[in-house]
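Text of final.cif (mmCIF, C-alpha atoms) as supplied:
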```cif
data_data
#
loop_
_atom_site.label_atom_id
_atom_site.label_comp_id
_atom_site.auth_asym_id
_atom_site.auth_seq_id
_atom_site.Cartn_x
_atom_site.Cartn_y
_atom_site.Cartn_z
CA MET G 115 158.85 67.26 83.84
CA GLY G 116 158.43 63.49 84.15
CA VAL G 117 161.14 61.05 85.06
CA GLU G 118 163.00 59.78 82.03
CA ARG G 119 162.17 56.17 81.32
CA ARG G 120 165.10 53.80 81.11
CA PRO G 121 164.86 51.15 78.37
CA LEU G 122 163.73 47.66 79.20
CA SER G 123 166.87 46.42 77.49
CA ARG G 124 168.91 46.98 80.65
CA ARG G 125 169.55 44.27 83.17
CA SER G 126 166.01 44.22 84.61
CA VAL G 127 164.55 42.04 81.86
CA TRP G 128 167.28 39.45 82.11
CA THR G 129 167.35 39.41 85.91
CA ALA G 130 163.58 38.98 86.01
CA LYS G 131 163.73 36.22 83.39
CA ALA G 132 166.45 34.30 85.24
CA GLY G 133 164.59 34.77 88.51
CA ALA G 134 161.39 33.51 86.91
CA ILE G 135 163.04 30.29 85.72
CA VAL G 136 164.35 29.57 89.21
CA GLY G 137 161.09 30.71 90.78
CA PHE G 138 158.96 28.47 88.56
CA VAL G 139 161.00 25.41 89.50
CA LEU G 140 160.87 26.30 93.20
CA TYR G 141 157.12 26.84 92.83
CA VAL G 142 156.71 23.20 91.76
CA VAL G 143 158.81 22.06 94.71
CA VAL G 144 156.73 24.11 97.16
CA VAL G 145 153.44 22.85 95.73
CA ARG G 146 154.73 19.29 95.90
CA TRP G 147 155.55 19.85 99.59
CA LEU G 148 152.17 21.47 100.33
CA ALA G 149 150.12 19.02 98.24
CA PRO G 150 149.06 16.83 101.21
CA LEU G 151 147.71 19.93 102.96
CA ILE G 152 145.68 21.35 100.06
CA SER G 153 144.39 18.19 98.42
CA SER G 154 142.36 15.13 99.24
CA ALA G 155 143.79 11.70 99.90
CA GLY G 156 143.94 11.08 96.16
CA GLY G 157 146.01 14.20 95.51
CA HIS G 158 143.12 16.13 93.97
CA ALA G 159 141.79 19.58 94.82
CA PRO G 160 138.83 21.76 93.74
CA VAL G 161 138.98 23.69 90.48
CA GLY G 162 139.37 26.92 92.42
CA VAL G 163 142.76 25.72 93.64
CA GLY G 164 143.68 24.88 90.06
CA ILE G 165 142.84 28.41 88.95
CA VAL G 166 145.17 29.80 91.59
CA LEU G 167 147.89 27.39 90.52
CA ALA G 168 147.49 28.53 86.91
CA LEU G 169 147.75 32.23 87.76
CA VAL G 170 150.75 32.13 90.10
CA PRO G 171 153.53 31.82 87.46
CA SER G 172 152.44 34.94 85.56
CA LEU G 173 151.96 36.86 88.81
CA LEU G 174 155.44 35.76 89.86
CA TRP G 175 156.88 37.13 86.61
CA LEU G 176 155.11 40.46 87.13
CA ALA G 177 156.33 40.64 90.72
CA LEU G 178 159.92 39.94 89.72
CA PHE G 179 159.73 42.47 86.93
CA TYR G 180 158.25 45.05 89.29
CA VAL G 181 161.07 44.52 91.80
CA GLN G 182 163.67 44.97 89.07
CA ASP G 183 161.87 47.91 87.47
CA ALA G 184 160.54 49.55 90.64
CA GLN G 185 161.43 53.02 89.40
CA GLU G 186 159.77 52.51 86.02
CA PRO G 187 155.97 52.14 86.44
CA GLU G 188 155.17 52.68 82.75
CA PRO G 189 156.95 49.55 81.44
CA LEU G 190 155.13 47.41 84.01
CA ALA G 191 151.78 48.72 82.74
CA ASP G 192 152.82 47.92 79.17
CA VAL G 193 153.97 44.44 80.16
CA PHE G 194 150.61 43.81 81.82
CA ARG G 195 148.80 45.08 78.71
CA VAL G 196 150.74 42.77 76.41
CA GLY G 197 150.14 39.80 78.71
CA ALA G 198 146.41 40.53 78.76
CA ALA G 199 146.41 40.71 74.97
CA GLY G 200 148.10 37.30 74.84
CA MET G 201 145.40 35.84 77.06
CA ILE G 202 142.60 37.34 74.96
CA LEU G 203 144.11 36.15 71.67
CA ALA G 204 144.64 32.65 73.08
CA ALA G 205 140.99 32.50 74.16
CA ALA G 206 139.55 34.09 71.00
CA VAL G 207 141.87 32.66 68.34
CA ALA G 208 144.28 29.90 69.35
CA ILE G 209 142.03 27.64 71.41
CA PRO G 210 138.96 27.82 69.11
CA LEU G 211 141.05 27.26 65.96
CA VAL G 212 143.02 24.33 67.38
CA ARG G 213 140.07 22.64 69.03
CA SER G 214 137.00 23.46 66.96
CA VAL G 215 138.24 24.33 63.48
CA TYR G 216 141.23 22.01 63.00
CA ARG G 217 140.03 19.48 65.62
CA VAL G 218 143.61 18.41 66.30
CA SER G 219 142.65 15.97 69.05
CA GLU G 220 141.01 13.77 66.41
CA TRP G 221 144.12 13.29 64.24
CA LEU G 222 147.25 14.81 65.80
CA TYR G 223 148.48 11.56 67.34
CA ALA G 224 147.85 9.29 64.36
CA SER G 225 151.61 8.79 63.87
CA PRO G 226 154.88 10.44 64.99
CA LEU G 227 155.18 12.26 61.66
CA VAL G 228 151.62 13.56 61.82
CA THR G 229 152.22 14.67 65.40
CA LEU G 230 155.31 16.64 64.39
CA LEU G 231 153.79 18.23 61.29
CA GLY G 232 150.52 19.04 63.02
CA SER G 233 152.33 20.49 66.03
CA VAL G 234 154.45 22.75 63.83
CA LEU G 235 152.07 23.73 61.02
CA VAL G 236 148.87 24.07 63.05
CA VAL G 237 149.27 24.31 66.83
CA ALA G 238 152.59 26.18 66.98
CA ALA G 239 151.85 28.39 63.99
CA ILE G 240 148.62 29.62 65.60
CA GLN G 241 150.04 30.05 69.09
CA GLU G 242 153.10 32.00 67.91
CA TRP G 243 150.95 34.27 65.75
CA CYS G 244 148.99 35.16 68.89
CA LYS G 245 152.21 36.20 70.64
CA PHE G 246 153.34 38.21 67.64
CA ALA G 247 149.98 39.96 67.42
CA ALA G 248 149.90 40.63 71.17
CA VAL G 249 153.09 42.67 70.87
CA ARG G 250 152.54 44.06 67.38
CA TYR G 251 149.12 45.56 68.04
CA THR G 252 149.67 46.87 71.57
CA VAL G 253 153.12 48.39 72.13
CA LEU G 254 155.17 48.05 68.94
CA GLU G 255 154.25 51.52 67.67
CA SER G 256 155.02 53.16 71.00
CA PRO G 257 158.01 55.55 70.77
CA GLU G 258 159.25 54.06 74.04
CA PHE G 259 159.65 50.66 72.36
CA ASP G 260 162.97 51.15 70.59
CA HIS G 261 165.34 48.52 71.99
CA VAL G 262 165.90 44.82 71.52
CA GLY G 263 165.42 44.21 75.23
CA ASP G 264 161.99 45.86 75.04
CA GLY G 265 160.96 43.24 72.53
CA VAL G 266 162.27 40.36 74.62
CA GLY G 267 160.42 41.58 77.71
CA TYR G 268 157.17 42.12 75.85
CA GLY G 269 157.53 38.83 73.99
CA ILE G 270 157.90 36.97 77.28
CA ALA G 271 154.81 38.75 78.60
CA ALA G 272 152.84 37.71 75.50
CA GLY G 273 154.03 34.13 75.87
CA LEU G 274 153.00 34.02 79.51
CA GLY G 275 149.62 35.49 78.59
CA VAL G 276 149.01 32.71 76.07
CA ALA G 277 150.29 30.10 78.54
CA THR G 278 148.08 31.39 81.33
CA MET G 279 144.94 31.09 79.22
CA LEU G 280 145.91 27.59 78.07
CA ASN G 281 146.46 26.62 81.71
CA LEU G 282 143.16 28.11 82.86
CA VAL G 283 141.27 26.17 80.19
CA PHE G 284 143.13 23.04 81.23
CA VAL G 285 142.20 23.29 84.93
CA LEU G 286 138.60 24.24 84.15
CA GLU G 287 138.00 21.10 82.09
CA GLY G 288 137.45 18.83 85.07
CA PRO G 289 135.63 18.90 88.40
CA THR G 290 138.97 18.61 90.26
CA VAL G 291 142.68 18.91 89.53
CA ALA G 292 145.54 16.58 90.42
CA ILE G 293 147.74 19.03 92.32
CA VAL G 294 151.28 17.95 91.44
CA PRO G 295 150.76 16.81 87.82
CA ALA G 296 148.68 19.92 87.12
CA THR G 297 151.33 22.21 88.59
CA LEU G 298 154.04 20.52 86.54
CA ARG G 299 152.01 20.97 83.37
CA ILE G 300 151.27 24.61 84.23
CA VAL G 301 154.93 25.45 84.83
CA VAL G 302 156.11 23.56 81.74
CA THR G 303 153.62 25.49 79.62
CA CYS G 304 154.75 28.82 81.09
CA LEU G 305 158.47 28.12 80.70
CA ALA G 306 158.08 27.01 77.10
CA HIS G 307 155.78 29.76 75.88
CA ALA G 308 157.81 32.45 77.63
CA ALA G 309 160.89 31.19 75.77
CA PHE G 310 159.15 31.15 72.39
CA GLY G 311 157.64 34.57 73.04
CA GLY G 312 161.06 35.94 73.91
CA ILE G 313 162.36 34.83 70.50
CA ILE G 314 159.57 36.59 68.63
CA GLY G 315 160.01 39.65 70.81
CA TYR G 316 163.75 39.75 70.12
CA PHE G 317 163.22 39.91 66.37
CA LEU G 318 160.46 42.51 66.75
CA GLY G 319 162.84 44.56 68.89
CA ARG G 320 165.58 44.32 66.28
CA GLU G 321 163.18 45.47 63.59
CA LYS G 322 161.92 48.36 65.69
CA GLU G 323 165.39 49.49 66.70
CA THR G 324 166.91 49.27 63.21
CA PRO G 325 164.28 48.76 60.52
CA ARG G 326 165.32 46.06 58.12
CA THR G 327 162.87 44.08 56.04
CA ALA G 328 159.80 41.97 56.73
CA PRO G 329 161.78 38.67 56.45
CA SER G 330 163.69 39.64 59.62
CA ILE G 331 160.48 39.39 61.63
CA LEU G 332 159.40 36.37 59.60
CA TRP G 333 162.54 34.49 60.58
CA GLY G 334 161.81 35.12 64.25
CA TYR G 335 158.29 33.81 63.83
CA LEU G 336 159.44 30.71 61.94
CA ILE G 337 162.13 29.92 64.51
CA ALA G 338 159.61 30.19 67.34
CA VAL G 339 157.09 28.05 65.45
CA GLY G 340 159.68 25.37 64.71
CA LEU G 341 160.92 25.22 68.30
CA ASN G 342 157.36 25.16 69.63
CA GLY G 343 156.38 22.25 67.39
CA VAL G 344 159.53 20.24 68.10
CA PHE G 345 159.25 20.91 71.83
CA ARG G 346 155.61 19.85 71.88
CA THR G 347 156.41 16.62 70.03
CA THR G 348 159.43 15.83 72.21
CA LEU G 349 157.49 16.62 75.37
CA GLY G 350 154.79 14.13 74.47
CA ALA G 351 157.39 11.45 73.79
CA ILE G 352 159.32 11.80 77.05
CA VAL G 353 156.40 12.46 79.39
CA ARG G 354 154.27 9.52 78.37
CA THR G 355 155.75 6.18 77.29
CA GLY G 356 153.02 3.65 76.81
CA LEU G 357 150.98 3.68 80.01
CA VAL G 358 153.75 5.24 82.09
CA TYR G 359 153.35 8.96 82.86
CA ARG G 360 156.51 10.88 83.82
CA PRO G 361 155.53 14.55 84.24
CA TRP G 362 158.83 15.49 85.91
CA ASN G 363 160.63 14.77 82.63
CA GLY G 364 158.65 17.63 81.11
CA LEU G 365 159.88 20.04 83.77
CA VAL G 366 163.49 19.12 83.04
CA LEU G 367 162.99 19.59 79.30
CA ALA G 368 161.19 22.93 79.69
CA THR G 369 163.79 24.24 82.14
CA VAL G 370 166.64 23.36 79.79
CA LEU G 371 164.78 25.03 76.91
CA ALA G 372 164.16 28.20 78.93
CA VAL G 373 167.77 28.44 80.10
CA VAL G 374 169.24 27.87 76.64
CA VAL G 375 166.93 30.38 74.94
CA THR G 376 167.52 32.98 77.67
CA VAL G 377 171.31 32.64 77.42
CA LEU G 378 171.25 32.88 73.62
CA LEU G 379 168.99 35.93 73.59
CA PHE G 380 171.10 37.56 76.31
CA ARG G 381 174.27 37.06 74.29
CA LEU G 382 172.63 38.44 71.17
CA ALA G 383 171.17 41.49 72.91
CA ARG G 384 173.99 42.25 75.34
CA PRO G 385 176.20 44.33 72.98
CA GLU G 386 173.27 46.67 72.27
CA TRP G 387 172.36 47.51 75.88
CA GLU G 388 175.98 47.60 77.02
CA MET G 389 176.68 50.19 74.33
CA ARG G 390 173.75 52.28 75.55
CA GLU G 391 174.84 52.03 79.17
CA ALA G 392 178.42 53.04 78.37
#
```

Once more with this new file: its structure as structure tokens, please.
Amino acid sequence: MGVERRPLSRRSVWTAKAGAIVGFVLYVVVVRWLAPLISSAGGHAPVGVGIVLALVPSLLWLALFYVQDAQEPEPLADVFRVGAAGMILAAAVAIPLVRSVYRVSEWLYASPLVTLLGSVLVVAAIQEWCKFAAVRYTVLESPEFDHVGDGVGYGIAAGLGVATMLNLVFVLEGPTVAIVPATLRIVVTCLAHAAFGGIIGYFLGREKETPRTAPSILWGYLIAVGLNGVFRTTLGAIVRTGLVYRPWNGLVLATVLAVVVTVLLFRLARPEWEMREA
């Protein structure tokens, strides 16, 4: 007889998520400290270093989740599968649609209103669909996925999968990477997409636990899309003002977003897992 699997909705998801937020910020600090040792005089490093920088946040999340869920190997495999699906969907759907079909770089920054509408209706809508699909078509039908916390954990994994692929494409676009600015962008992307993925996952978990109606899931998707688009627009405004580039502002914004979303989802999901643990 196998060991009974505890639900992801227990404290492990939330502990791993809180640890990841702190770990991501510390990761930037460590890279900033090590930058003179791993880069040239101009602060640049080979693309290979950039690839490592892009992969570390997702590996950190998996490591934290593994430590918290050490006695539950099956959830970790599922989390990895959802994250891989997010990466594949980002590469096969999100990036080609945004870049080649809609060609957003040619018109997205025509005006503040166009930036906001394009960020919400095109970029965010596509990216959040990839996260939804990564969960929906991998683990949603599993009988072991029956708690709100399951959805949050898998949604975060999907978000990090999408973020990882976006970051890999970013670092592969040039012959070198600027260590500190690249790391800041990588961490900001991971923090934001993990938060949006957690929102979608929460609503998928609610639907799986207590079937309601399709609009319940739709609301989760729309909330994630709206936050993604507004975040993207706000990020652009505070990071670059004229010719001045302030990447650290983006880290502050993304950290605040991640903390607020995590606290809200925790408060919403807490009654359910506390009842099950009683």

Contacts of Ala238 in chain G within 7 Å, all atoms listed in the file, excl. fewer than 4 positions in-chain, as a ChimeraX atom specification
/G:233-234,242,339,342-343

What are the nearest atom pairs, with distances in Å to one decimal, for all residues of range 210-235 of chain G that come at most 12 Å from range 265-287 of chain G, using all atoms listed in the file, set out by chain and rising residue number as a tab-separated table?
```
residue	atom	partner	partner_atom	distance
G:Pro210	CA	G:Leu280	CA	11.3
G:Val212	CA	G:Leu280	CA	11.5
G:Arg213	CA	G:Val283	CA	11.8
```

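Note that the spacing between CA of Cys244 in chain G and CA of Ala199 in chain G amounts to 8.6 Å.
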
Chain and number of each residue from the PyMOL selection byres ((chain G and resi 149-163) around 9), as a ChimeraX atom specification
/G:144-148,164-168,285-294

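Remark: for Val373 in chain G, the closest of the candidate residues G:Ala248, G:Val193, G:Ile331, G:Ala309 is G:Ala309 (distances computed over only C-alpha atoms).
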
Taking only C-alpha atoms into account, which of G:Val262, G:Ile314, G:Ile337, G:Leu371 comes nearest Arg250 in chain G?
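Checking each candidate against Arg250 in chain G, we get G:Ile314 as the closest.
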
Selected residue, from G:Leu173, G:Ala206, G:Ala368, G:Val136, that lies nearest to Phe345 in chain G when counting only C-alpha atoms:
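Using only C-alpha atoms, Phe345 in chain G sits closest to G:Ala368.
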
Of G:Gln241, G:Thr376, G:Ala198, G:Arg381, the one sitting nearest Leu211 in chain G when using all atoms listed in the file is G:Gln241

Counting all atoms listed in the file, what is within 12 Å of Leu318 in chain G, bar same-chain residues fewer than 5 positions away, as a PyMOL selection string?
chain G and resi 245-251+253-255+259-269+311-313+323-335

Please list as a ChimeraX atom specification every residue within 12 Å of range 352-362 of chain G, counting only C-alpha atoms and excluding residues in the same chain fewer than 4 positions away.
/G:139,142-143,146,292,294-302,345-348,366-369
